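This is data18.cif. It holds mmCIF, C-alpha atoms.
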```cif
data_protein
loop_
_atom_site.label_atom_id
_atom_site.label_comp_id
_atom_site.auth_asym_id
_atom_site.auth_seq_id
_atom_site.Cartn_x
_atom_site.Cartn_y
_atom_site.Cartn_z
CA MET A 1 -11.40 -24.57 -29.56
CA PRO A 2 -9.45 -27.04 -27.42
CA THR A 3 -10.29 -27.01 -23.73
CA LEU A 4 -7.98 -25.57 -21.10
CA PRO A 5 -7.31 -27.34 -17.78
CA ILE A 6 -7.95 -25.34 -14.61
CA ASP A 7 -7.70 -26.02 -10.91
CA CYS A 8 -9.81 -24.08 -8.46
CA THR A 9 -11.71 -24.55 -5.22
CA VAL A 10 -15.48 -24.90 -5.41
CA ASN A 11 -17.43 -24.86 -2.14
CA GLY A 12 -14.27 -25.83 -0.28
CA ALA A 13 -13.33 -28.79 -2.51
CA ALA A 14 -10.29 -28.79 -4.78
CA THR A 15 -11.74 -29.06 -8.28
CA HIS A 16 -10.25 -29.76 -11.70
CA LEU A 17 -12.09 -28.68 -14.84
CA ASP A 18 -11.38 -28.76 -18.56
CA VAL A 19 -13.17 -25.82 -20.09
CA ALA A 20 -13.48 -24.23 -23.51
CA PRO A 21 -12.27 -20.60 -23.40
CA ARG A 22 -15.72 -19.30 -24.32
CA THR A 23 -17.51 -21.15 -21.49
CA ILE A 24 -18.80 -18.77 -18.86
CA LEU A 25 -18.28 -19.76 -15.24
CA ALA A 26 -22.04 -20.11 -14.63
CA ASP A 27 -22.30 -22.76 -17.37
CA ALA A 28 -19.27 -24.67 -16.09
CA LEU A 29 -20.74 -24.74 -12.57
CA ARG A 30 -24.11 -25.93 -13.82
CA GLN A 31 -23.14 -28.28 -16.63
CA ASP A 32 -19.74 -29.66 -15.64
CA LEU A 33 -20.21 -29.71 -11.86
CA GLY A 34 -23.99 -30.14 -11.67
CA LEU A 35 -24.30 -27.16 -9.33
CA THR A 36 -27.60 -26.01 -10.77
CA GLY A 37 -28.43 -23.73 -7.85
CA THR A 38 -26.60 -21.00 -9.76
CA HIS A 39 -29.30 -19.76 -12.14
CA VAL A 40 -28.72 -18.17 -15.52
CA GLY A 41 -31.44 -15.64 -16.21
CA CYS A 42 -30.09 -13.26 -18.81
CA ALA A 43 -26.49 -14.44 -19.41
CA HIS A 44 -25.37 -10.87 -20.08
CA GLY A 45 -24.99 -9.29 -16.66
CA SER A 46 -28.40 -7.73 -16.06
CA CYS A 47 -30.31 -9.98 -13.67
CA GLY A 48 -27.94 -11.16 -10.93
CA ALA A 49 -29.45 -14.67 -10.68
CA CYS A 50 -26.00 -16.20 -11.31
CA THR A 51 -24.26 -14.35 -8.45
CA ILE A 52 -21.53 -16.43 -6.77
CA LEU A 53 -18.70 -15.59 -4.39
CA LEU A 54 -15.24 -15.28 -5.93
CA ASP A 55 -12.71 -15.28 -3.08
CA GLY A 56 -15.56 -14.04 -0.89
CA ALA A 57 -16.73 -11.19 -3.15
CA ALA A 58 -20.14 -11.32 -4.86
CA VAL A 59 -19.70 -11.40 -8.66
CA ARG A 60 -21.81 -12.35 -11.65
CA SER A 61 -20.73 -15.79 -12.87
CA CYS A 62 -22.09 -15.03 -16.37
CA LEU A 63 -19.57 -12.18 -16.71
CA MET A 64 -16.54 -14.35 -16.00
CA LEU A 65 -14.98 -16.99 -18.15
CA ALA A 66 -14.71 -20.35 -16.41
CA VAL A 67 -11.00 -20.38 -17.23
CA GLN A 68 -10.62 -17.22 -15.12
CA ALA A 69 -11.57 -19.20 -12.00
CA ALA A 70 -8.12 -20.88 -12.08
CA GLY A 71 -6.47 -20.50 -8.69
CA HIS A 72 -9.52 -18.91 -7.07
CA ALA A 73 -12.07 -20.03 -4.49
CA ILE A 74 -15.67 -20.15 -5.71
CA THR A 75 -18.66 -20.44 -3.40
CA THR A 76 -22.06 -21.14 -4.91
CA ILE A 77 -25.50 -21.15 -3.28
CA GLU A 78 -24.94 -24.87 -2.54
CA GLY A 79 -21.88 -23.88 -0.50
CA LEU A 80 -23.99 -21.54 1.61
CA SER A 81 -26.52 -24.19 2.62
CA ASN A 82 -26.54 -26.61 5.50
CA PRO A 83 -28.13 -30.07 5.16
CA ASP A 84 -29.44 -30.05 8.74
CA ALA A 85 -31.19 -26.71 9.06
CA LEU A 86 -32.14 -23.58 7.19
CA THR A 87 -29.47 -20.90 7.24
CA PRO A 88 -30.48 -17.54 8.76
CA LEU A 89 -31.08 -16.06 5.29
CA GLN A 90 -33.07 -19.10 4.13
CA ALA A 91 -35.18 -19.01 7.32
CA ALA A 92 -35.79 -15.28 6.92
CA PHE A 93 -36.78 -15.65 3.23
CA ARG A 94 -39.22 -18.40 4.25
CA LYS A 95 -40.64 -16.40 7.15
CA HIS A 96 -41.24 -13.29 5.03
CA GLY A 97 -42.40 -15.10 1.91
CA ALA A 98 -39.51 -13.44 0.08
CA LEU A 99 -39.80 -15.68 -2.96
CA GLN A 100 -42.46 -16.84 -5.31
CA CYS A 101 -41.05 -18.65 -8.35
CA GLY A 102 -37.62 -18.81 -6.70
CA PHE A 103 -35.58 -18.16 -9.81
CA CYS A 104 -33.83 -15.07 -8.45
CA THR A 105 -33.49 -16.45 -4.91
CA PRO A 106 -29.99 -18.01 -5.16
CA GLY A 107 -28.57 -14.72 -6.44
CA MET A 108 -30.45 -12.74 -3.80
CA ILE A 109 -29.17 -14.97 -0.98
CA VAL A 110 -25.56 -15.06 -2.20
CA THR A 111 -25.53 -11.26 -2.57
CA ALA A 112 -27.20 -10.72 0.80
CA HIS A 113 -24.72 -13.15 2.42
CA ALA A 114 -21.76 -11.22 1.01
CA LEU A 115 -23.26 -7.94 2.15
CA LEU A 116 -24.17 -9.07 5.68
CA SER A 117 -20.82 -10.84 6.15
CA ALA A 118 -19.06 -7.54 5.45
CA ASN A 119 -21.64 -5.26 7.04
CA PRO A 120 -24.02 -7.01 9.48
CA ASP A 121 -25.49 -3.62 10.47
CA ALA A 122 -26.50 -2.64 6.91
CA ASP A 123 -29.63 -0.47 6.91
CA ALA A 124 -32.55 -0.84 4.52
CA ASP A 125 -31.11 1.75 2.11
CA THR A 126 -27.76 -0.04 1.90
CA ILE A 127 -29.48 -3.41 1.41
CA ARG A 128 -31.66 -1.93 -1.33
CA ASP A 129 -28.58 -0.46 -3.01
CA MET A 130 -26.56 -3.68 -2.81
CA LEU A 131 -29.46 -5.80 -4.07
CA SER A 132 -30.21 -3.39 -6.93
CA GLY A 133 -28.25 -5.67 -9.27
CA ASN A 134 -30.57 -8.61 -8.55
CA LEU A 135 -33.88 -8.59 -10.39
CA CYS A 136 -37.02 -10.28 -9.08
CA ARG A 137 -40.08 -10.38 -11.32
CA CYS A 138 -42.58 -11.91 -8.86
CA THR A 139 -42.65 -10.58 -5.34
CA GLY A 140 -41.68 -6.99 -5.57
CA TYR A 141 -38.75 -6.29 -3.35
CA ILE A 142 -40.38 -5.39 -0.05
CA SER A 143 -40.46 -8.89 1.42
CA ILE A 144 -36.89 -9.54 0.23
CA ILE A 145 -35.59 -6.41 1.96
CA GLU A 146 -37.54 -7.34 5.11
CA ALA A 147 -36.03 -10.84 5.09
CA VAL A 148 -32.47 -9.52 4.75
CA LEU A 149 -33.08 -6.99 7.53
CA ASP A 150 -34.36 -9.83 9.71
CA ALA A 151 -31.32 -12.03 8.96
CA ARG A 152 -28.93 -9.35 10.20
CA ALA A 153 -29.27 -10.51 13.82
CA ALA A 154 -27.57 -13.85 13.05
CA TYR A 155 -24.67 -12.11 11.27
CA GLN A 156 -24.34 -9.60 14.13
CA GLU A 157 -24.18 -12.54 16.56
CA ALA A 158 -21.61 -14.36 14.43
CA ARG A 159 -19.42 -11.26 14.49
CA ALA A 160 -19.68 -10.88 18.31
CA MET B 1 -26.39 -16.01 -26.09
CA LYS B 2 -23.37 -18.21 -25.54
CA LEU B 3 -20.16 -16.39 -26.34
CA PRO B 4 -18.60 -16.72 -29.79
CA ASP B 5 -15.52 -18.94 -29.99
CA PHE B 6 -12.09 -17.49 -29.20
CA THR B 7 -8.75 -18.56 -27.82
CA TYR B 8 -7.53 -17.37 -24.44
CA ALA B 9 -4.20 -16.31 -23.01
CA ALA B 10 -3.33 -14.93 -19.57
CA PRO B 11 0.22 -13.57 -19.81
CA THR B 12 1.98 -12.63 -16.58
CA ASP B 13 3.73 -9.53 -17.89
CA LEU B 14 2.71 -6.46 -19.83
CA ARG B 15 5.16 -7.01 -22.70
CA GLY B 16 3.74 -10.48 -23.24
CA ALA B 17 0.21 -9.09 -23.41
CA ILE B 18 1.20 -6.35 -25.85
CA SER B 19 3.05 -8.83 -28.13
CA LEU B 20 0.00 -11.10 -28.26
CA LEU B 21 -2.23 -8.14 -29.17
CA ALA B 22 0.27 -6.81 -31.72
CA ALA B 23 0.58 -10.21 -33.41
CA ASP B 24 -3.17 -10.53 -34.01
CA PRO B 25 -5.28 -7.47 -34.89
CA ALA B 26 -8.47 -9.40 -34.03
CA ALA B 27 -7.28 -10.15 -30.47
CA ARG B 28 -8.75 -8.06 -27.64
CA ALA B 29 -7.63 -7.33 -24.10
CA LEU B 30 -9.85 -8.62 -21.28
CA ALA B 31 -9.75 -6.51 -18.12
CA GLY B 32 -12.69 -7.00 -15.71
CA GLY B 33 -14.96 -8.19 -18.51
CA GLN B 34 -18.04 -6.39 -17.18
CA SER B 35 -18.61 -4.61 -20.50
CA LEU B 36 -16.68 -6.85 -22.90
CA ILE B 37 -18.41 -10.11 -21.93
CA PRO B 38 -21.91 -8.61 -22.46
CA VAL B 39 -20.66 -7.32 -25.85
CA LEU B 40 -19.68 -10.90 -26.72
CA ALA B 41 -22.93 -12.34 -25.28
CA PHE B 42 -24.89 -10.02 -27.56
CA ARG B 43 -22.59 -11.15 -30.40
CA LEU B 44 -21.62 -7.54 -31.06
CA GLY B 45 -17.96 -8.55 -31.16
CA ALA B 46 -16.08 -11.65 -32.25
CA PRO B 47 -12.43 -11.42 -31.18
CA SER B 48 -10.09 -14.20 -32.26
CA MET B 49 -8.39 -14.22 -28.87
CA LEU B 50 -8.92 -12.70 -25.43
CA VAL B 51 -5.74 -11.58 -23.68
CA ASP B 52 -6.61 -11.60 -19.97
CA LEU B 53 -4.72 -8.92 -18.03
CA SER B 54 -5.66 -10.36 -14.60
CA ASN B 55 -2.38 -12.16 -14.00
CA ILE B 56 -0.09 -9.22 -14.68
CA ALA B 57 1.51 -8.20 -11.40
CA ASP B 58 1.27 -4.63 -10.06
CA LEU B 59 -1.26 -3.43 -12.64
CA ASP B 60 -3.78 -2.77 -9.85
CA LYS B 61 -1.63 -0.56 -7.62
CA ILE B 62 -3.01 2.65 -6.15
CA GLU B 63 -0.38 5.18 -5.09
CA VAL B 64 0.27 8.88 -4.53
CA ASN B 65 3.44 10.57 -5.82
CA ASN B 66 4.09 14.30 -6.19
CA ALA B 67 0.50 15.22 -5.37
CA ARG B 68 -0.83 12.90 -8.09
CA LEU B 69 -3.03 9.88 -7.45
CA ARG B 70 -2.07 7.03 -9.76
CA ILE B 71 -4.53 4.15 -10.13
CA GLY B 72 -3.41 1.03 -11.98
CA ALA B 73 -5.63 -0.05 -14.87
CA MET B 74 -6.61 -3.35 -13.25
CA ALA B 75 -7.71 -1.76 -9.97
CA ARG B 76 -11.31 -2.86 -9.47
CA TRP B 77 -14.05 -0.37 -8.56
CA ALA B 78 -14.56 -1.86 -5.09
CA ALA B 79 -10.83 -1.62 -4.32
CA VAL B 80 -10.64 1.98 -5.56
CA ALA B 81 -13.70 3.00 -3.52
CA GLU B 82 -12.25 1.37 -0.40
CA SER B 83 -8.71 2.74 -0.85
CA PRO B 84 -7.68 5.09 1.99
CA LEU B 85 -5.58 7.05 -0.55
CA VAL B 86 -8.64 7.66 -2.73
CA HIS B 87 -10.67 8.53 0.35
CA THR B 88 -8.13 11.18 1.33
CA HIS B 89 -7.04 12.50 -2.04
CA HIS B 90 -10.07 12.08 -4.28
CA PRO B 91 -13.44 12.11 -2.50
CA LEU B 92 -15.07 13.10 -5.80
CA LEU B 93 -13.94 9.88 -7.50
CA ARG B 94 -15.09 7.87 -4.50
CA ALA B 95 -18.54 9.48 -4.65
CA ALA B 96 -18.78 8.81 -8.39
CA ILE B 97 -17.93 5.11 -7.97
CA SER B 98 -21.00 4.57 -5.80
CA HIS B 99 -23.00 5.26 -9.00
CA VAL B 100 -21.03 2.81 -11.15
CA ALA B 101 -23.20 -0.19 -12.09
CA HIS B 102 -24.09 -2.67 -9.33
CA TYR B 103 -22.35 -4.22 -6.31
CA GLN B 104 -21.38 -7.42 -8.17
CA VAL B 105 -20.05 -5.48 -11.15
CA ARG B 106 -18.00 -3.15 -8.93
CA ASN B 107 -16.31 -6.21 -7.44
CA ARG B 108 -15.00 -7.17 -10.87
CA GLY B 109 -14.97 -4.15 -13.21
CA THR B 110 -11.74 -2.18 -13.56
CA ILE B 111 -10.94 1.48 -14.14
CA GLY B 112 -8.72 0.68 -17.12
CA GLY B 113 -11.44 -1.39 -18.74
CA SER B 114 -13.95 1.41 -18.27
CA LEU B 115 -11.63 4.01 -19.82
CA ALA B 116 -10.75 1.81 -22.81
CA HIS B 117 -14.42 0.87 -23.37
CA ALA B 118 -15.30 4.62 -23.48
CA ASP B 119 -19.02 4.45 -22.87
CA PRO B 120 -20.40 8.03 -23.10
CA ALA B 121 -22.43 7.37 -19.92
CA ALA B 122 -19.40 6.30 -17.85
CA GLU B 123 -18.95 8.18 -14.58
CA LEU B 124 -15.17 7.74 -14.49
CA ALA B 125 -14.64 9.40 -17.87
CA ALA B 126 -16.45 12.53 -16.71
CA VAL B 127 -14.51 12.62 -13.43
CA ALA B 128 -11.26 12.23 -15.37
CA LEU B 129 -12.22 15.05 -17.76
CA ALA B 130 -13.35 17.41 -15.03
CA CYS B 131 -10.13 16.74 -13.11
CA ASP B 132 -7.64 17.12 -15.99
CA ALA B 133 -6.49 13.53 -15.62
CA THR B 134 -3.78 11.83 -17.63
CA ILE B 135 -4.08 8.34 -19.07
CA ILE B 136 -0.91 6.29 -19.21
CA ALA B 137 -0.86 3.87 -22.10
CA GLN B 138 1.67 1.29 -23.19
CA GLY B 139 1.98 -0.31 -26.60
CA PRO B 140 4.56 -1.85 -28.93
CA GLN B 141 6.24 1.58 -29.25
CA GLY B 142 6.53 2.04 -25.49
CA GLN B 143 4.75 4.17 -22.94
CA ARG B 144 3.02 7.50 -23.47
CA ARG B 145 0.90 9.92 -21.48
CA ILE B 146 -2.40 11.04 -23.01
CA ALA B 147 -4.32 14.04 -21.68
CA VAL B 148 -7.83 12.82 -21.04
CA ALA B 149 -9.20 15.64 -23.23
CA ASP B 150 -7.45 13.94 -26.18
CA PHE B 151 -8.37 10.39 -25.20
CA PHE B 152 -12.10 10.05 -25.93
CA CYS B 153 -12.82 10.33 -29.68
CA GLY B 154 -16.49 9.27 -29.73
CA ALA B 155 -18.81 6.59 -28.41
CA LEU B 156 -16.71 3.49 -27.60
CA THR B 157 -13.75 5.07 -29.42
CA THR B 158 -10.45 6.21 -27.92
CA ALA B 159 -7.05 7.46 -29.02
CA LEU B 160 -5.47 4.09 -28.18
CA THR B 161 -3.61 2.57 -31.13
CA PRO B 162 -3.86 -1.16 -31.91
CA ALA B 163 -2.14 -3.25 -29.23
CA GLU B 164 -1.92 -0.26 -26.90
CA LEU B 165 -3.27 -0.74 -23.38
CA VAL B 166 -4.35 1.69 -20.69
CA ILE B 167 -2.00 0.90 -17.81
CA ALA B 168 -2.93 3.64 -15.33
CA LEU B 169 -4.98 6.75 -14.66
CA GLU B 170 -3.32 9.73 -13.00
CA LEU B 171 -5.40 12.39 -11.25
CA PRO B 172 -4.11 15.50 -9.49
CA CYS B 173 -4.83 15.10 -5.76
CA MET B 174 -7.78 17.30 -4.78
CA PRO B 175 -6.86 20.25 -2.54
CA THR B 176 -8.82 19.85 0.71
CA ASP B 177 -10.67 23.14 0.15
CA LEU B 178 -11.81 22.25 -3.37
CA ARG B 179 -15.61 22.41 -3.66
CA TRP B 180 -17.11 19.55 -5.62
CA GLY B 181 -20.39 17.95 -6.54
CA PHE B 182 -21.64 14.89 -8.41
CA ALA B 183 -25.15 14.17 -9.67
CA GLU B 184 -26.63 11.66 -12.06
CA PHE B 185 -30.02 10.38 -13.07
CA ALA B 186 -30.72 6.81 -14.15
CA ARG B 187 -34.11 5.14 -14.56
CA ARG B 188 -33.15 2.43 -12.07
CA ARG B 189 -30.33 2.35 -9.55
CA GLY B 190 -27.15 1.09 -11.20
CA ASP B 191 -28.43 1.59 -14.75
CA PHE B 192 -26.55 3.66 -17.31
CA ALA B 193 -27.05 7.34 -16.53
CA LEU B 194 -29.42 9.27 -18.79
CA ALA B 195 -27.49 12.35 -17.71
CA GLY B 196 -25.06 13.38 -15.01
CA ALA B 197 -22.60 16.07 -14.04
CA VAL B 198 -19.28 16.39 -12.26
CA VAL B 199 -18.29 19.82 -10.99
CA HIS B 200 -15.50 21.33 -8.94
CA PHE B 201 -14.14 24.80 -8.26
CA SER B 202 -12.36 26.86 -5.63
CA LEU B 203 -13.50 29.99 -3.82
CA ASP B 204 -11.17 32.99 -3.57
CA ALA B 205 -10.75 35.12 -0.45
CA ALA B 206 -13.74 37.25 -1.49
CA GLY B 207 -15.92 34.15 -1.88
CA ALA B 208 -16.00 34.18 -5.68
CA ILE B 209 -15.84 31.00 -7.78
CA ILE B 210 -12.47 30.45 -9.41
CA ASN B 211 -11.30 27.78 -11.82
CA PRO B 212 -14.66 26.01 -12.31
CA HIS B 213 -14.56 22.64 -14.05
CA ILE B 214 -17.71 20.89 -15.29
CA ALA B 215 -18.06 17.63 -17.21
CA GLY B 216 -21.25 16.03 -18.46
CA ILE B 217 -22.17 12.34 -18.37
CA GLY B 218 -24.28 10.98 -21.21
CA ALA B 219 -24.53 14.51 -22.59
CA SER B 220 -22.96 13.76 -25.94
CA ASP B 221 -21.51 10.89 -27.96
CA ARG B 222 -18.48 11.07 -25.67
CA PRO B 223 -17.65 12.26 -22.16
CA ARG B 224 -17.57 15.99 -22.51
CA ARG B 225 -16.31 19.07 -20.68
CA LEU B 226 -19.00 21.78 -20.57
CA THR B 227 -17.18 25.12 -20.88
CA ALA B 228 -20.18 27.46 -21.29
CA PRO B 229 -21.40 27.04 -17.69
CA GLU B 230 -17.79 27.33 -16.48
CA THR B 231 -17.60 30.77 -18.10
CA VAL B 232 -20.87 31.81 -16.46
CA LEU B 233 -19.62 30.79 -13.01
CA ALA B 234 -16.06 32.14 -13.10
CA GLY B 235 -15.61 35.15 -10.81
CA GLN B 236 -19.18 35.02 -9.46
CA ALA B 237 -20.26 34.49 -5.87
CA PRO B 238 -22.34 31.31 -5.55
CA SER B 239 -26.08 32.03 -5.54
CA LEU B 240 -29.10 30.14 -6.72
CA ALA B 241 -29.51 32.62 -9.59
CA ILE B 242 -25.97 32.15 -10.90
CA LEU B 243 -26.25 28.35 -10.56
CA ARG B 244 -29.45 28.41 -12.59
CA ALA B 245 -27.81 30.58 -15.24
CA ALA B 246 -24.96 28.05 -15.48
CA ALA B 247 -27.41 25.14 -15.71
CA ASP B 248 -29.31 26.88 -18.53
CA VAL B 249 -26.20 27.28 -20.67
CA ALA B 250 -25.21 23.68 -19.86
CA THR B 251 -28.53 22.58 -21.36
CA ALA B 252 -27.80 24.62 -24.48
CA GLU B 253 -24.25 23.27 -24.77
CA THR B 254 -25.31 19.62 -24.53
CA ASP B 255 -25.74 17.79 -27.84
CA ALA B 256 -27.55 14.68 -26.67
CA ALA B 257 -29.37 12.67 -29.33
CA ASP B 258 -32.78 11.00 -29.32
CA ASP B 259 -32.65 7.38 -28.26
CA LEU B 260 -35.04 4.78 -26.91
CA HIS B 261 -34.70 6.13 -23.37
CA GLY B 262 -35.71 9.71 -24.13
CA SER B 263 -35.84 12.56 -26.60
CA ALA B 264 -32.86 14.85 -27.18
CA ALA B 265 -34.83 17.72 -25.61
CA TYR B 266 -35.48 15.67 -22.47
CA ARG B 267 -31.85 14.62 -22.20
CA ARG B 268 -30.62 18.21 -22.63
CA SER B 269 -33.01 19.45 -20.01
CA LEU B 270 -31.93 16.65 -17.68
CA ALA B 271 -28.26 17.47 -18.28
CA GLY B 272 -28.93 21.06 -17.14
CA THR B 273 -30.76 19.80 -14.05
CA MET B 274 -27.83 17.52 -13.19
CA VAL B 275 -25.39 20.44 -13.52
CA LEU B 276 -27.66 22.48 -11.22
CA ARG B 277 -27.85 19.70 -8.63
CA ALA B 278 -24.11 19.04 -8.67
CA LEU B 279 -23.38 22.77 -8.31
CA ALA B 280 -25.92 23.17 -5.51
CA ASP B 281 -24.29 20.24 -3.73
CA ALA B 282 -20.84 21.80 -4.17
CA CYS B 283 -22.10 25.17 -2.86
CA ALA B 284 -24.20 23.63 -0.04
CA ILE B 285 -27.19 25.50 -1.48
CA THR B 286 -30.56 23.80 -0.98
CA LEU B 287 -32.63 23.74 -4.14
CA PRO B 288 -36.23 24.80 -3.71
#
```
Could I get this file's structure written as structure tokens?
Amino acid sequence: MPTLPIDCTVNGAATHLDVAPRTILADALRQDLGLTGTHVGCAHGSCGACTILLDGAAVRSCLMLAVQAAGHAITTIEGLSNPDALTPLQAAFRKHGALQCGFCTPGMIVTAHALLSANPDADADTIRDMLSGNLCRCTGYISIIEAVLDARAAYQEARA
Amino acid sequence: MKLPDFTYAAPTDLRGAISLLAADPAARALAGGQSLIPVLAFRLGAPSMLVDLSNIADLDKIEVNNARLRIGAMARWAAVAESPLVHTHHPLLRAAISHVAHYQVRNRGTIGGSLAHADPAAELAAVALACDATIIAQGPQGQRRIAVADFFCGALTTALTPAELVIALELPCMPTDLRWGFAEFARRRGDFALAGAVVHFSLDAAGAIINPHIAGIGASDRPRRLTAPETVLAGQAPSLAILRAAADVATAETDAADDLHGSAAYRRSLAGTMVLRALADACAITLP
């Protein structure tokens, strides 16, 4: 099928893409833009590794066509990092050993960022519920939940 | 797998979408894509064209008119759950949405897509059935209203005709004194329910149950109203004994089939337990 031209914003930069209709957003981010921080685990909406922000809301980029990003603002894990220092979530994941192989980590951090941005006071139950769509096969979830709980302080401060 | 090949259109009005669907029987409507895209990724479907409904204005409106809550087909789960109108007029729907899939999926999935997909384990379908909802559909022949009891014809099968789209769901606003309960069981949070129940009823001046409505989730090949437990409850004062009697007949009325997640006997038993839990919740009775 011929490609379709789209214009969107990716990590703050105006971006033009030519995408085949069947290309999922995750593949366009990885293959056309080289943003390989977005991981594709299952490619059918089960694992959450490909979570990105679409206009600020956490969504699975494997369950969206790239062409549907037209006119929207996408933030990937690369857009949530800072070249000079670890972000509060990165620092908390490091402190708590909340990753082993790291495959699920971008999705975990993007989801946790969306959650804490909206609700910096989220309790452990809420965090567990919101992260239930992100699978980790290495660590178990305890250290991940602890890291997100720990990162709340920075989001509470940012709100104040 | 990568998706099969298809063409894509994103019309900005409903008529445009319906004409595209009518012109090509192999074209399919794309709402939130949270069920359709996995279907394509598993190569269980191969549409010639996807007609994206995202750019059609006003299809996601939530409004209340004449004591009826009308939710546009493209309203996404997160928006419905956060709507003050839904909070006020349909706390049961709001409670059910917290069980729909995962956070990321609720940010994208739509109520119209869920209804048209007609998964027998869908929470919304059971809420709609228990609440005597109406589905508003529009196709090449114009608009029509479909009682939800006539809408679901089987697993993944609805009364929609080719090129007809769900455009809204209409639910009677819940009276503030309506008693209601929701329960479901899934193996992991956010997974498809193995069984669930939606219940609501009123109490008369003497404290007896009137007008009980019960719908089962995952209890059959389609969302299903369970009338046997309703008959047991009608006119009775709530008690643990009467709730158990209702749950027992709910188990008997369920026609769940064996599948890889559990035997039919297990699913029927679970369906009864879910009816019991939802009723206990509605009656504020603590189960031993």
Determine the residue membership of the PyMOL selection byres ((chain A) within 10 of (chain B)) for the file above and supply it as an mmCIF file with C-alpha atoms, in the frame of the given file.
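Result file follows (part-v1.cif):
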```cif
data_model
loop_
_atom_site.group_PDB
_atom_site.id
_atom_site.type_symbol
_atom_site.label_atom_id
_atom_site.label_comp_id
_atom_site.auth_asym_id
_atom_site.auth_seq_id
_atom_site.Cartn_x
_atom_site.Cartn_y
_atom_site.Cartn_z
ATOM 1 C CA MET A 1 -11.400 -24.570 -29.560
ATOM 2 C CA PRO A 2 -9.450 -27.040 -27.420
ATOM 3 C CA THR A 3 -10.290 -27.010 -23.730
ATOM 4 C CA LEU A 4 -7.980 -25.570 -21.100
ATOM 5 C CA ALA A 20 -13.480 -24.230 -23.510
ATOM 6 C CA PRO A 21 -12.270 -20.600 -23.400
ATOM 7 C CA ARG A 22 -15.720 -19.300 -24.320
ATOM 8 C CA THR A 23 -17.510 -21.150 -21.490
ATOM 9 C CA ILE A 24 -18.800 -18.770 -18.860
ATOM 10 C CA ASP A 27 -22.300 -22.760 -17.370
ATOM 11 C CA CYS A 42 -30.090 -13.260 -18.810
ATOM 12 C CA ALA A 43 -26.490 -14.440 -19.410
ATOM 13 C CA HIS A 44 -25.370 -10.870 -20.080
ATOM 14 C CA GLY A 45 -24.990 -9.290 -16.660
ATOM 15 C CA SER A 46 -28.400 -7.730 -16.060
ATOM 16 C CA GLY A 48 -27.940 -11.160 -10.930
ATOM 17 C CA THR A 51 -24.260 -14.350 -8.450
ATOM 18 C CA ILE A 52 -21.530 -16.430 -6.770
ATOM 19 C CA LEU A 53 -18.700 -15.590 -4.390
ATOM 20 C CA LEU A 54 -15.240 -15.280 -5.930
ATOM 21 C CA ALA A 57 -16.730 -11.190 -3.150
ATOM 22 C CA ALA A 58 -20.140 -11.320 -4.860
ATOM 23 C CA VAL A 59 -19.700 -11.400 -8.660
ATOM 24 C CA ARG A 60 -21.810 -12.350 -11.650
ATOM 25 C CA SER A 61 -20.730 -15.790 -12.870
ATOM 26 C CA CYS A 62 -22.090 -15.030 -16.370
ATOM 27 C CA LEU A 63 -19.570 -12.180 -16.710
ATOM 28 C CA MET A 64 -16.540 -14.350 -16.000
ATOM 29 C CA LEU A 65 -14.980 -16.990 -18.150
ATOM 30 C CA VAL A 67 -11.000 -20.380 -17.230
ATOM 31 C CA GLN A 68 -10.620 -17.220 -15.120
ATOM 32 C CA THR A 111 -25.530 -11.260 -2.570
ATOM 33 C CA ALA A 114 -21.760 -11.220 1.010
ATOM 34 C CA LEU A 115 -23.260 -7.940 2.150
ATOM 35 C CA ARG A 128 -31.660 -1.930 -1.330
ATOM 36 C CA ASP A 129 -28.580 -0.460 -3.010
ATOM 37 C CA MET A 130 -26.560 -3.680 -2.810
ATOM 38 C CA LEU A 131 -29.460 -5.800 -4.070
ATOM 39 C CA SER A 132 -30.210 -3.390 -6.930
ATOM 40 C CA GLY A 133 -28.250 -5.670 -9.270
ATOM 41 C CA ASN A 134 -30.570 -8.610 -8.550
#
```
> Which residues match the PyMOL selection byres ((chain B and resi 249-262) around 6) in the file above, as a PyMOL selection string?
Replying inline: chain B and resi 219-220+229+246-248+263-264+268-269+271-272
>> Quick check, in Å to one decimal: how far apart do atom CA of B:Cys131 and atom CA of B:Phe185 lie?
In response: 20.9 Å
>> Which residues are close to stretch 14-26 of chain B, i.e. within 9 Å by only C-alpha atoms, leaving aside same-chain residues fewer than 2 positions away? Reply as a ChimeraX atom specification.
In response: /B:9-12,28-29,46-53,56-57,59,138-140,162-165,167
>> Please expand the PyMOL selection byres ((chain A and resi 147) around 8) into the concrete residues it hits in this file, giving the result as a VMD selection string.
In response: chain A and resid 89 92 to 93 95 to 96 98 143 to 146 148 to 151
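Atom to atom, atom CA of B:Ala149 and atom CA of B:Leu129 stand 6.3 Å apart.
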> So what do you get for atom CA of A:Ala112 versus atom CA of A:Arg152, distance-wise?
Replying inline: 9.7 Å
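Proximity to B:Ile135 was assessed for B:Glu123, B:Ala237, B:Leu226, B:Phe152 counting all atoms listed in the file; the smallest distance is recorded for B:Phe152.
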> Which neighbours of B:Trp180 fall inside 12 Å, counting all atoms listed in the file, when residues of the same chain fewer than 5 positions from it are skipped, and could you give them as a VMD selection string?
Replying inline: chain B and resid 90 to 96 127 130 to 131 174 to 175 197 to 203 209 211 to 215 275 277 to 284
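If you count only C-alpha atoms and ignore residues fewer than 2 places along the chain from A:Ala14, what sits within 12 Å of it is A:Ile6, A:Asp7, A:Cys8, A:Thr9, A:Val10, A:Asn11, A:Gly12, A:His16, A:Leu17, A:Ala70, A:Gly71, A:His72, A:Ala73, A:Ile74, A:Thr75.
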